Structure formats: structure tokens, C-alpha cells
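Colleague: This is the structure I want to talk about, given as C-alpha cells.
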Amino acid sequence: MKLAVIGASRGIGRKTVDEALARGHQVRAFARSASKLDIDAEGFEALDGDATHPVDVFNAIDGCDAVILTLGVPRDLRVLSATTLFSDATRILIDQMTKAGIKRLLAVTGFGAGDSAPKLSTPERLTQKAFLGRAYADKDVQEQLIRDSGLDWTIARPGILTDNRKSGAYKILTNHDDWRNGMISRADVADFLVTAAEGTDMIGKTPALQR
């Protein structure tokens with residue numbers, strides 16, 4: 001497959017690029033600083049751009065079989081500010097995917113977004129609201145945009161992220177009654193995303209990902 005990874009320069013996005021290349025897929029990595037990625041692999045292409053600029057996004061996804069959206073929350077005090085990054089980027093991406101004739105979208109939000117919020121414990125809910133409340137409010141909007149898009153979508157909701165190695169021993173919780181928060185490595189989330197892109201089992205699902 002040829003996969004476009006949006007938000008590819010760090011975190012889950014970078015791990016997804018590595019995982020996809022290791023499996024023999026072609027990858028177009030898209031981020032503001034994608035050209036700085038230290039990757040020398042057959043089938044790899046880096047493209048710098050802004051996920052909120054339609055032309056940049058179209059150029060990033062054109063000709064790809066699937067798009068993996070991995071925009072993350074900033075690792076600084078900006079997390080306390082109101083944001084529309086996730087919804088703005090997703091709205092533009094959906095429009096450009098329609099224009100490019102691409103149907104398969106996999107997006108990472110987080111546990112506590114959308115209808116998984118009631119599954120947070122009270123301490124988890126209060127902590128998330130204090131530090132990530134504004135980001136998750138926009139992720140709620142993002143998720144609804146994806147659900148309404150008409151695309152073949154998957155929304156992945158990982159729990160608390162770690163930098164541990166890929167284990168392959170993680171849980172994919174698709175049943176609402178089983179949802180819970182937990183920890184998972186970014187590498188395992190990447191493993192899920194590439195595996196889901198390779199098949200159709202996860203289309204229309206919002207799995208919680210936990211160890």
C-alpha cells in the first residue's frame with residue numbers, strides 16, 4: 001500500500017512511518033518538518049507542509065491508498081489554551097480526501113474523546129479536564145466530523161502513551177462495555193494503525209487501545 005501519515009515527525013506518527021516501512025509499504029510522511037526525518041528507505045517520501053492548508057494536504061495524500069492522521073497535543077503549556085487544530089485539520093483532510101478519491105481514513109484521538117468520556121474514572125476525568133480539556137473538546141468535534149464524513153474511517157483511542165518498545169501484546173477494545181483507560185506504547189499504537197489499514201475489520205469502529 002501507499003500510506004500518507006499526517007503528523008509524521010514525532011510520537012505516534014513517527015512510529016507509524018517506521019512500522020509501515022518495516023512491513024514493505026510506501027510511505028509519504030507529512031509534517032511541518034518532515035524533511036528533517038532521518039530516514040533512508042525505499043518507498044519513503046517526506047513532504048513539508050501545514051495540515052491546515054488545503055493545497056499542502058492534497059499534495060500529501062494524492063495517489064495514496066489510505067491516510068493515517070496522527071496529530072498530537074503539544075508538549076508544552078499550549079495544551080491549556082483553546083484550540084481548533086484537530087477539527088480544522090480534519091475538516092480540511094476530509095474535503096481533500098474526497099477531492100482525491102481516497103476513502104480509507106485512520107485517525108488517532110484519545111481515550112476520553114467522544115463517547116468514551118463516561119468510561120473515565122472521576123480522578124481521570126478531572127485530570128484530563130484540567131490539563132487537556134480544551135484539546136479534548138476539539139477532539140470531540142474532530143470525531144463527529146469523521147463519523148459524518150462518509151469515508152471508511154477508524155478512530156483509534158489509545159490510553160496513556162509511553163515510549164516503550166512494540167510488544168504486540170495490547171488489547172483492542174471495540175465493545176463499549178469493555179472500554180477502560182490504561183497505558184500503551186506509541187509503537188503498539190502504530191502497529192494497530194498499520195494493521196488496521198491493511199484490512200477492513202476496523203472500518204467504522206472506535207477501539208480503545210490498552211495494554
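Every chain in the C-alpha cells has a letter given in the order shown (A, B, ...), and although residue numbers restart at 1 in each chain, ligands are simply numbered from 1 in the order shown.
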Please give the complete set of residues from stretch 51-183 of chain A that DSSP, run on the backbone, assigns to strand (DSSP E), formatted as a ChimeraX atom specification.

Modeller: /A:66-69,104-108,152-158,160-162,171-173,183

Colleague: Sorted by chain and rising residue number, which residues of stretch 84-116 of chain A lie within 8 Å of stretch 154-157 of chain A, and what are their closest atom pairs and distances in Å to one decimal, counting only C-alpha atoms, as a Markdown table?

Modeller:
| residue | atom | partner | partner_atom | distance |
| --- | --- | --- | --- | --- |
| A:Leu105 | CA | A:Thr154 | CA | 6.4 |
| A:Leu106 | CA | A:Thr154 | CA | 4.8 |
| A:Ala107 | CA | A:Ile155 | CA | 5.0 |
| A:Val108 | CA | A:Ala156 | CA | 4.8 |
| A:Thr109 | CA | A:Arg157 | CA | 5.4 |
| A:Gly110 | CA | A:Arg157 | CA | 4.0 |
| A:Phe111 | CA | A:Arg157 | CA | 4.7 |
| A:Gly112 | CA | A:Arg157 | CA | 7.9 |
| A:Ala113 | CA | A:Arg157 | CA | 7.6 |

Colleague: Skipping near chain neighbours, those fewer than 6 positions away, what residues fall within 9 Å of A:Arg91 using only C-alpha atoms, listed as a VMD selection string?

Modeller: chain A and resid 52 142 145 to 146 149

Colleague: Work out how far atom CA of A:Ile61 is from atom CA of A:Ser35, in Å to one decimal.

Modeller: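 Calculated distance between atom CA of A:Ser35 and atom CA of A:Ile61 is 16.1 Å.
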
Colleague: Listing only residues of stretch 149-169 of chain A within 12 Å of stretch 13-17 of chain A, what is the closest atom pair and its distance in Å (to one decimal) for each, using only C-alpha atoms, sorted by chain and residue number ascending, as a tab-separated table?

Modeller:
residue	atom	partner	partner_atom	distance
A:Thr162	CA	A:Lys15	CA	11.9
A:Asp163	CA	A:Lys15	CA	9.9
A:Asn164	CA	A:Lys15	CA	11.3
A:Arg165	CA	A:Lys15	CA	10.2
A:Lys166	CA	A:Lys15	CA	9.6

Colleague: Taking all heavy atoms for each residue, export the selection above as a PDB file, in the first residue's frame.

Modeller:
ATOM      1  N   THR A 162       3.235   5.699  26.238  1.00  0.00           N
ATOM      2  CA  THR A 162       4.601   5.515  26.720  1.00  0.00           C
ATOM      3  C   THR A 162       5.528   5.370  25.516  1.00  0.00           C
ATOM      4  O   THR A 162       5.087   5.198  24.377  1.00  0.00           O
ATOM      5  CB  THR A 162       4.737   4.249  27.593  1.00  0.00           C
ATOM      6  OG1 THR A 162       4.700   3.082  26.753  1.00  0.00           O
ATOM      7  CG2 THR A 162       3.618   4.177  28.622  1.00  0.00           C
ATOM      8  N   ASP A 163       6.823   5.424  25.775  1.00  0.00           N
ATOM      9  CA  ASP A 163       7.817   5.230  24.729  1.00  0.00           C
ATOM     10  C   ASP A 163       8.429   3.830  24.781  1.00  0.00           C
ATOM     11  O   ASP A 163       9.521   3.604  24.258  1.00  0.00           O
ATOM     12  CB  ASP A 163       8.927   6.287  24.849  1.00  0.00           C
ATOM     13  CG  ASP A 163       8.456   7.659  24.389  1.00  0.00           C
ATOM     14  OD1 ASP A 163       7.681   7.719  23.408  1.00  0.00           O
ATOM     15  OD2 ASP A 163       8.836   8.662  25.010  1.00  0.00           O
ATOM     16  N   ASN A 164       7.743   2.893  25.400  1.00  0.00           N
ATOM     17  CA  ASN A 164       8.229   1.516  25.439  1.00  0.00           C
ATOM     18  C   ASN A 164       8.270   0.906  24.040  1.00  0.00           C
ATOM     19  O   ASN A 164       7.634   1.395  23.109  1.00  0.00           O
ATOM     20  CB  ASN A 164       7.324   0.663  26.339  1.00  0.00           C
ATOM     21  CG  ASN A 164       7.389   1.090  27.784  1.00  0.00           C
ATOM     22  OD1 ASN A 164       8.343   1.726  28.218  1.00  0.00           O
ATOM     23  ND2 ASN A 164       6.361   0.764  28.547  1.00  0.00           N
ATOM     24  N   ARG A 165       8.976  -0.189  23.919  1.00  0.00           N
ATOM     25  CA  ARG A 165       9.069  -0.885  22.641  1.00  0.00           C
ATOM     26  C   ARG A 165       7.721  -1.494  22.249  1.00  0.00           C
ATOM     27  O   ARG A 165       6.850  -1.708  23.081  1.00  0.00           O
ATOM     28  CB  ARG A 165      10.093  -2.022  22.726  1.00  0.00           C
ATOM     29  CG  ARG A 165      11.534  -1.559  22.892  1.00  0.00           C
ATOM     30  CD  ARG A 165      12.418  -2.781  22.899  1.00  0.00           C
ATOM     31  NE  ARG A 165      13.828  -2.434  23.055  1.00  0.00           N
ATOM     32  CZ  ARG A 165      14.813  -3.314  23.038  1.00  0.00           C
ATOM     33  NH1 ARG A 165      14.537  -4.610  22.902  1.00  0.00           N
ATOM     34  NH2 ARG A 165      16.064  -2.917  23.172  1.00  0.00           N
ATOM     35  N   LYS A 166       7.615  -1.806  20.963  1.00  0.00           N
ATOM     36  CA  LYS A 166       6.428  -2.520  20.496  1.00  0.00           C
ATOM     37  C   LYS A 166       6.374  -3.891  21.146  1.00  0.00           C
ATOM     38  O   LYS A 166       7.349  -4.633  21.140  1.00  0.00           O
ATOM     39  CB  LYS A 166       6.459  -2.665  18.976  1.00  0.00           C
ATOM     40  CG  LYS A 166       5.216  -3.329  18.412  1.00  0.00           C
ATOM     41  CD  LYS A 166       5.231  -3.381  16.897  1.00  0.00           C
ATOM     42  CE  LYS A 166       6.100  -4.509  16.385  1.00  0.00           C
ATOM     43  NZ  LYS A 166       5.939  -4.719  14.923  1.00  0.00           N
TER      44      LYS A 166
END

Colleague: So which one's closest to A:Asn59, A:Leu47, A:Leu21, A:Val27, A:Ala8? Using only C-alpha atoms, please.

Modeller: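 Distance minimum relative to A:Asn59 lands on A:Leu47.
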
Colleague: Distance atom CA of A:Gly63-atom CA of A:Ile102, one decimal place?

Modeller: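 Result for atom CA of A:Gly63 versus atom CA of A:Ile102: 8.2 Å, one decimal.
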
Colleague: For the structure I just gave you, how does DSSP split chain A - specifically, which residues are alpha helix (DSSP H)? Reply as a CSV table (one decimal) with N, CA, C and O atoms, in the first residue's frame.

Modeller:
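Result went into out06.csv, see below:
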chain,number,residue,atom,x,y,z
A,11,GLY,N,6.3,11.2,17.8
A,11,GLY,CA,5.3,10.5,18.5
A,11,GLY,C,4.7,9.3,17.7
A,11,GLY,O,5.5,8.6,17.1
A,12,ILE,N,3.4,9.1,17.8
A,12,ILE,CA,2.8,8.0,17.1
A,12,ILE,C,3.0,8.1,15.6
A,12,ILE,O,3.2,7.1,14.9
A,13,GLY,N,3.0,9.3,15.1
A,13,GLY,CA,3.2,9.5,13.6
A,13,GLY,C,4.6,8.9,13.2
A,13,GLY,O,4.6,8.2,12.2
A,14,ARG,N,5.6,9.2,13.9
A,14,ARG,CA,6.9,8.7,13.5
A,14,ARG,C,7.0,7.2,13.6
A,14,ARG,O,7.5,6.5,12.8
A,15,LYS,N,6.4,6.7,14.7
A,15,LYS,CA,6.4,5.2,14.9
A,15,LYS,C,5.6,4.6,13.8
A,15,LYS,O,5.9,3.4,13.4
A,16,THR,N,4.5,5.2,13.3
A,16,THR,CA,3.7,4.7,12.2
A,16,THR,C,4.5,4.6,10.9
A,16,THR,O,4.4,3.6,10.2
A,17,VAL,N,5.3,5.6,10.7
A,17,VAL,CA,6.1,5.6,9.5
A,17,VAL,C,7.1,4.5,9.6
A,17,VAL,O,7.3,3.7,8.6
A,18,ASP,N,7.8,4.3,10.7
A,18,ASP,CA,8.7,3.2,10.8
A,18,ASP,C,8.1,1.8,10.7
A,18,ASP,O,8.6,0.9,10.0
A,19,GLU,N,6.9,1.7,11.3
A,19,GLU,CA,6.2,0.4,11.2
A,19,GLU,C,5.7,0.1,9.8
A,19,GLU,O,5.9,-1.1,9.3
A,20,ALA,N,5.2,1.1,9.1
A,20,ALA,CA,4.7,0.8,7.7
A,20,ALA,C,5.9,0.5,6.8
A,20,ALA,O,5.8,-0.4,5.9
A,21,LEU,N,7.0,1.2,6.9
A,21,LEU,CA,8.2,0.9,6.1
A,21,LEU,C,8.7,-0.5,6.4
A,21,LEU,O,9.1,-1.2,5.5
A,22,ALA,N,8.7,-0.9,7.7
A,22,ALA,CA,9.2,-2.2,8.0
A,22,ALA,C,8.4,-3.3,7.4
A,22,ALA,O,8.9,-4.4,7.2
A,54,PRO,N,-5.1,23.6,2.7
A,54,PRO,CA,-5.7,22.6,1.8
A,54,PRO,C,-4.8,22.1,0.7
A,54,PRO,O,-4.8,20.9,0.4
A,55,VAL,N,-4.1,23.0,0.1
A,55,VAL,CA,-3.2,22.6,-1.0
A,55,VAL,C,-2.1,21.6,-0.5
A,55,VAL,O,-1.7,20.6,-1.2
A,56,ASP,N,-1.5,22.0,0.6
A,56,ASP,CA,-0.5,21.1,1.2
A,56,ASP,C,-1.0,19.7,1.5
A,56,ASP,O,-0.4,18.7,1.3
A,57,VAL,N,-2.2,19.7,2.1
A,57,VAL,CA,-2.8,18.4,2.4
A,57,VAL,C,-3.1,17.6,1.2
A,57,VAL,O,-2.9,16.4,1.1
A,58,PHE,N,-3.7,18.2,0.1
A,58,PHE,CA,-3.9,17.5,-1.1
A,58,PHE,C,-2.6,16.9,-1.7
A,58,PHE,O,-2.6,15.7,-2.1
A,59,ASN,N,-1.6,17.7,-1.7
A,59,ASN,CA,-0.3,17.2,-2.2
A,59,ASN,C,0.2,16.0,-1.4
A,59,ASN,O,0.9,15.1,-1.9
A,60,ALA,N,-0.1,16.0,-0.1
A,60,ALA,CA,0.4,15.0,0.8
A,60,ALA,C,-0.3,13.7,0.6
A,60,ALA,O,0.3,12.6,0.8
A,61,ILE,N,-1.6,13.7,0.2
A,61,ILE,CA,-2.4,12.5,0.2
A,61,ILE,C,-2.6,12.0,-1.3
A,61,ILE,O,-3.0,10.8,-1.4
A,85,LEU,N,-7.3,23.1,16.2
A,85,LEU,CA,-6.3,22.4,15.3
A,85,LEU,C,-6.9,21.1,14.8
A,85,LEU,O,-6.9,20.8,13.6
A,86,PHE,N,-7.4,20.3,15.7
A,86,PHE,CA,-7.8,18.9,15.3
A,86,PHE,C,-9.0,19.0,14.4
A,86,PHE,O,-9.0,18.3,13.4
A,87,SER,N,-10.0,19.8,14.8
A,87,SER,CA,-11.2,19.9,13.9
A,87,SER,C,-10.9,20.6,12.6
A,87,SER,O,-11.4,20.1,11.5
A,88,ASP,N,-10.1,21.6,12.6
A,88,ASP,CA,-9.7,22.3,11.4
A,88,ASP,C,-9.0,21.4,10.4
A,88,ASP,O,-9.3,21.4,9.2
A,89,ALA,N,-8.0,20.7,10.9
A,89,ALA,CA,-7.2,19.8,10.1
A,89,ALA,C,-8.0,18.7,9.6
A,89,ALA,O,-7.9,18.3,8.4
A,90,THR,N,-8.9,18.2,10.4
A,90,THR,CA,-9.7,17.1,10.0
A,90,THR,C,-10.8,17.5,8.9
A,90,THR,O,-11.0,16.8,7.9
A,91,ARG,N,-11.3,18.7,9.1
A,91,ARG,CA,-12.3,19.2,8.1
A,91,ARG,C,-11.6,19.3,6.7
A,91,ARG,O,-12.2,18.9,5.7
A,92,ILE,N,-10.4,19.9,6.8
A,92,ILE,CA,-9.7,20.1,5.5
A,92,ILE,C,-9.3,18.7,4.9
A,92,ILE,O,-9.4,18.5,3.7
A,93,LEU,N,-8.9,17.8,5.8
A,93,LEU,CA,-8.5,16.5,5.3
A,93,LEU,C,-9.6,15.8,4.6
A,93,LEU,O,-9.5,15.2,3.5
A,94,ILE,N,-10.8,15.8,5.2
A,94,ILE,CA,-11.9,15.1,4.7
A,94,ILE,C,-12.3,15.7,3.3
A,94,ILE,O,-12.5,14.9,2.3
A,95,ASP,N,-12.2,17.0,3.2
A,95,ASP,CA,-12.5,17.6,1.9
A,95,ASP,C,-11.5,17.2,0.8
A,95,ASP,O,-11.9,16.9,-0.3
A,96,GLN,N,-10.2,17.2,1.2
A,96,GLN,CA,-9.2,16.9,0.3
A,96,GLN,C,-9.2,15.4,-0.1
A,96,GLN,O,-8.8,15.0,-1.2
A,97,MET,N,-9.5,14.5,0.9
A,97,MET,CA,-9.7,13.1,0.6
A,97,MET,C,-10.8,12.8,-0.4
A,97,MET,O,-10.6,12.0,-1.4
A,98,THR,N,-11.9,13.6,-0.3
A,98,THR,CA,-13.0,13.4,-1.2
A,98,THR,C,-12.5,13.9,-2.6
A,98,THR,O,-12.8,13.2,-3.6
A,99,LYS,N,-11.8,15.0,-2.6
A,99,LYS,CA,-11.3,15.5,-3.9
A,99,LYS,C,-10.3,14.5,-4.6
A,99,LYS,O,-10.4,14.3,-5.8
A,100,ALA,N,-9.5,13.9,-3.8
A,100,ALA,CA,-8.5,12.9,-4.3
A,100,ALA,C,-9.1,11.5,-4.5
A,100,ALA,O,-8.4,10.7,-5.1
A,122,THR,N,-13.5,9.1,37.9
A,122,THR,CA,-13.6,10.5,38.4
A,122,THR,C,-12.2,11.2,38.4
A,122,THR,O,-12.0,12.3,37.9
A,123,PRO,N,-11.2,10.6,39.0
A,123,PRO,CA,-9.8,11.2,39.0
A,123,PRO,C,-9.3,11.4,37.6
A,123,PRO,O,-8.7,12.5,37.3
A,124,GLU,N,-9.5,10.4,36.7
A,124,GLU,CA,-9.0,10.6,35.3
A,124,GLU,C,-9.8,11.7,34.6
A,124,GLU,O,-9.1,12.5,33.9
A,125,ARG,N,-11.1,11.8,34.9
A,125,ARG,CA,-11.8,12.8,34.2
A,125,ARG,C,-11.4,14.2,34.7
A,125,ARG,O,-11.3,15.2,33.9
A,126,LEU,N,-11.2,14.4,36.0
A,126,LEU,CA,-10.8,15.7,36.5
A,126,LEU,C,-9.4,16.1,36.0
A,126,LEU,O,-9.1,17.2,35.7
A,127,THR,N,-8.5,15.1,36.0
A,127,THR,CA,-7.1,15.4,35.5
A,127,THR,C,-7.1,15.7,34.0
A,127,THR,O,-6.5,16.7,33.6
A,128,GLN,N,-7.9,15.0,33.2
A,128,GLN,CA,-7.9,15.3,31.8
A,128,GLN,C,-8.5,16.6,31.5
A,128,GLN,O,-8.0,17.4,30.7
A,129,LYS,N,-9.6,17.0,32.3
A,129,LYS,CA,-10.2,18.3,32.1
A,129,LYS,C,-9.3,19.4,32.5
A,129,LYS,O,-9.2,20.4,31.8
A,130,ALA,N,-8.5,19.2,33.5
A,130,ALA,CA,-7.6,20.3,34.0
A,130,ALA,C,-6.5,20.6,33.0
A,130,ALA,O,-6.1,21.7,32.8
A,131,PHE,N,-5.9,19.5,32.4
A,131,PHE,CA,-4.7,19.7,31.6
A,131,PHE,C,-5.0,19.6,30.1
A,131,PHE,O,-4.3,20.2,29.3
A,132,LEU,N,-6.0,18.8,29.7
A,132,LEU,CA,-6.2,18.5,28.3
A,132,LEU,C,-7.7,18.8,27.9
A,132,LEU,O,-8.1,18.5,26.8
A,133,GLY,N,-8.4,19.5,28.7
A,133,GLY,CA,-9.8,19.7,28.5
A,133,GLY,C,-10.1,20.4,27.2
A,133,GLY,O,-11.0,20.0,26.4
A,134,ARG,N,-9.4,21.4,26.9
A,134,ARG,CA,-9.7,22.2,25.7
A,134,ARG,C,-9.3,21.4,24.4
A,134,ARG,O,-10.0,21.5,23.4
A,135,ALA,N,-8.2,20.7,24.5
A,135,ALA,CA,-7.8,19.9,23.4
A,135,ALA,C,-8.8,18.8,23.1
A,135,ALA,O,-9.2,18.5,22.0
A,136,TYR,N,-9.3,18.1,24.2
A,136,TYR,CA,-10.3,17.1,24.0
A,136,TYR,C,-11.6,17.6,23.6
A,136,TYR,O,-12.4,16.9,22.9
A,137,ALA,N,-12.0,18.8,24.0
A,137,ALA,CA,-13.2,19.4,23.4
A,137,ALA,C,-13.2,19.5,21.9
A,137,ALA,O,-14.2,19.2,21.2
A,138,ASP,N,-12.0,19.8,21.4
A,138,ASP,CA,-11.8,19.9,19.9
A,138,ASP,C,-11.8,18.5,19.3
A,138,ASP,O,-12.2,18.3,18.2
A,139,LYS,N,-11.2,17.5,20.1
A,139,LYS,CA,-11.2,16.1,19.6
A,139,LYS,C,-12.6,15.6,19.5
A,139,LYS,O,-12.9,14.8,18.6
A,140,ASP,N,-13.5,16.0,20.4
A,140,ASP,CA,-14.9,15.6,20.2
A,140,ASP,C,-15.5,16.1,18.9
A,140,ASP,O,-16.2,15.3,18.2
A,141,VAL,N,-15.2,17.3,18.6
A,141,VAL,CA,-15.7,17.8,17.3
A,141,VAL,C,-15.0,17.1,16.1
A,141,VAL,O,-15.7,16.7,15.1
A,142,GLN,N,-13.7,16.8,16.3
A,142,GLN,CA,-13.0,16.0,15.2
A,142,GLN,C,-13.6,14.7,15.0
A,142,GLN,O,-13.9,14.3,13.8
A,143,GLU,N,-13.9,14.0,16.1
A,143,GLU,CA,-14.5,12.7,15.9
A,143,GLU,C,-15.9,12.7,15.2
A,143,GLU,O,-16.2,11.9,14.4
A,144,GLN,N,-16.7,13.7,15.5
A,144,GLN,CA,-18.0,13.8,14.9
A,144,GLN,C,-17.9,14.1,13.4
A,144,GLN,O,-18.6,13.6,12.6
A,145,LEU,N,-16.9,14.9,13.0
A,145,LEU,CA,-16.6,15.2,11.6
A,145,LEU,C,-16.3,13.9,10.9
A,145,LEU,O,-16.7,13.7,9.8
A,146,ILE,N,-15.4,13.1,11.5
A,146,ILE,CA,-15.0,11.8,10.9
A,146,ILE,C,-16.2,10.9,10.7
A,146,ILE,O,-16.4,10.3,9.7
A,147,ARG,N,-17.0,10.8,11.8
A,147,ARG,CA,-18.2,9.9,11.7
A,147,ARG,C,-19.2,10.3,10.6
A,147,ARG,O,-19.8,9.5,10.0
A,186,ARG,N,3.5,4.0,22.2
A,186,ARG,CA,3.3,4.6,20.8
A,186,ARG,C,3.6,3.6,19.7
A,186,ARG,O,2.9,3.6,18.7
A,187,ALA,N,4.6,2.8,19.9
A,187,ALA,CA,4.9,1.8,18.9
A,187,ALA,C,3.8,0.8,18.8
A,187,ALA,O,3.5,0.3,17.6
A,188,ASP,N,3.1,0.4,19.8
A,188,ASP,CA,2.0,-0.5,19.7
A,188,ASP,C,0.8,0.2,19.0
A,188,ASP,O,0.0,-0.5,18.3
A,189,VAL,N,0.6,1.4,19.3
A,189,VAL,CA,-0.5,2.2,18.6
A,189,VAL,C,-0.2,2.2,17.1
A,189,VAL,O,-1.1,2.0,16.2
A,190,ALA,N,1.1,2.4,16.7
A,190,ALA,CA,1.5,2.4,15.3
A,190,ALA,C,1.2,1.0,14.7
A,190,ALA,O,0.8,0.9,13.6
A,191,ASP,N,1.5,0.0,15.4
A,191,ASP,CA,1.3,-1.4,15.0
A,191,ASP,C,-0.2,-1.6,14.7
A,191,ASP,O,-0.6,-2.1,13.6
A,192,PHE,N,-1.1,-1.1,15.6
A,192,PHE,CA,-2.5,-1.2,15.3
A,192,PHE,C,-2.9,-0.4,14.1
A,192,PHE,O,-3.7,-0.9,13.2
A,193,LEU,N,-2.4,0.8,13.9
A,193,LEU,CA,-2.8,1.6,12.8
A,193,LEU,C,-2.5,1.0,11.4
A,193,LEU,O,-3.3,1.0,10.5
A,194,VAL,N,-1.3,0.5,11.3
A,194,VAL,CA,-0.9,-0.1,10.1
A,194,VAL,C,-1.6,-1.4,9.8
A,194,VAL,O,-2.1,-1.7,8.7
A,195,THR,N,-1.8,-2.2,10.8
A,195,THR,CA,-2.6,-3.5,10.7
A,195,THR,C,-4.0,-3.1,10.3
A,195,THR,O,-4.6,-3.8,9.4
A,196,ALA,N,-4.6,-2.1,10.9
A,196,ALA,CA,-6.0,-1.8,10.5
A,196,ALA,C,-6.1,-1.2,9.1
A,196,ALA,O,-7.1,-1.5,8.4
A,197,ALA,N,-5.0,-0.5,8.7
A,197,ALA,CA,-5.0,0.0,7.3
A,197,ALA,C,-4.9,-1.2,6.3
A,197,ALA,O,-5.4,-1.0,5.2
A,198,GLU,N,-4.3,-2.2,6.7
A,198,GLU,CA,-4.1,-3.4,5.8
A,198,GLU,C,-5.4,-4.2,5.6
A,198,GLU,O,-5.5,-5.0,4.6

Colleague: Counting only C-alpha atoms, what is within 7 Å of A:Asp48, bar same-chain residues fewer than 5 positions away, as an MDAnalysis selection string?

Modeller: chainID A and resid 30:35

Colleague: Which of these, A:Leu151, A:Ile172, A:Cys64, A:Leu209, has the shortest distance to A:Glu45 once you count only C-alpha atoms?

Modeller: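 Among A:Leu151, A:Ile172, A:Cys64, A:Leu209, it is A:Cys64 that comes nearest to A:Glu45.
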
Colleague: I'd like the neighbourhood of A:Gln26 as a short mmCIF file (atom, residue, chain, number, x, y, z; two decimals) with N, CA and C atoms, in the first residue's frame, where a residue qualifies if any of its atoms comes within 7 Å (using only C-alpha atoms), though same-chain residues fewer than 3 positions away should be ignored.

Modeller:
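Output file out_34.cif is given in full below:
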data_model
loop_
_atom_site.label_atom_id
_atom_site.label_comp_id
_atom_site.auth_asym_id
_atom_site.auth_seq_id
_atom_site.Cartn_x
_atom_site.Cartn_y
_atom_site.Cartn_z
N MET A 1 0.84 -1.19 0.00
CA MET A 1 0.00 0.00 0.00
C MET A 1 0.87 1.25 0.00
N LYS A 2 0.27 2.34 -0.39
CA LYS A 2 0.92 3.64 -0.24
C LYS A 2 0.14 4.41 0.81
N LEU A 3 0.79 4.72 1.92
CA LEU A 3 0.14 5.35 3.06
C LEU A 3 0.64 6.78 3.24
N LEU A 21 7.01 1.20 6.93
CA LEU A 21 8.17 0.90 6.09
C LEU A 21 8.71 -0.50 6.38
N GLY A 43 10.86 3.57 -0.86
CA GLY A 43 9.44 3.82 -0.73
C GLY A 43 9.08 4.93 0.22
N PHE A 44 10.10 5.62 0.76
CA PHE A 44 9.82 6.71 1.71
C PHE A 44 9.91 8.05 1.01
#
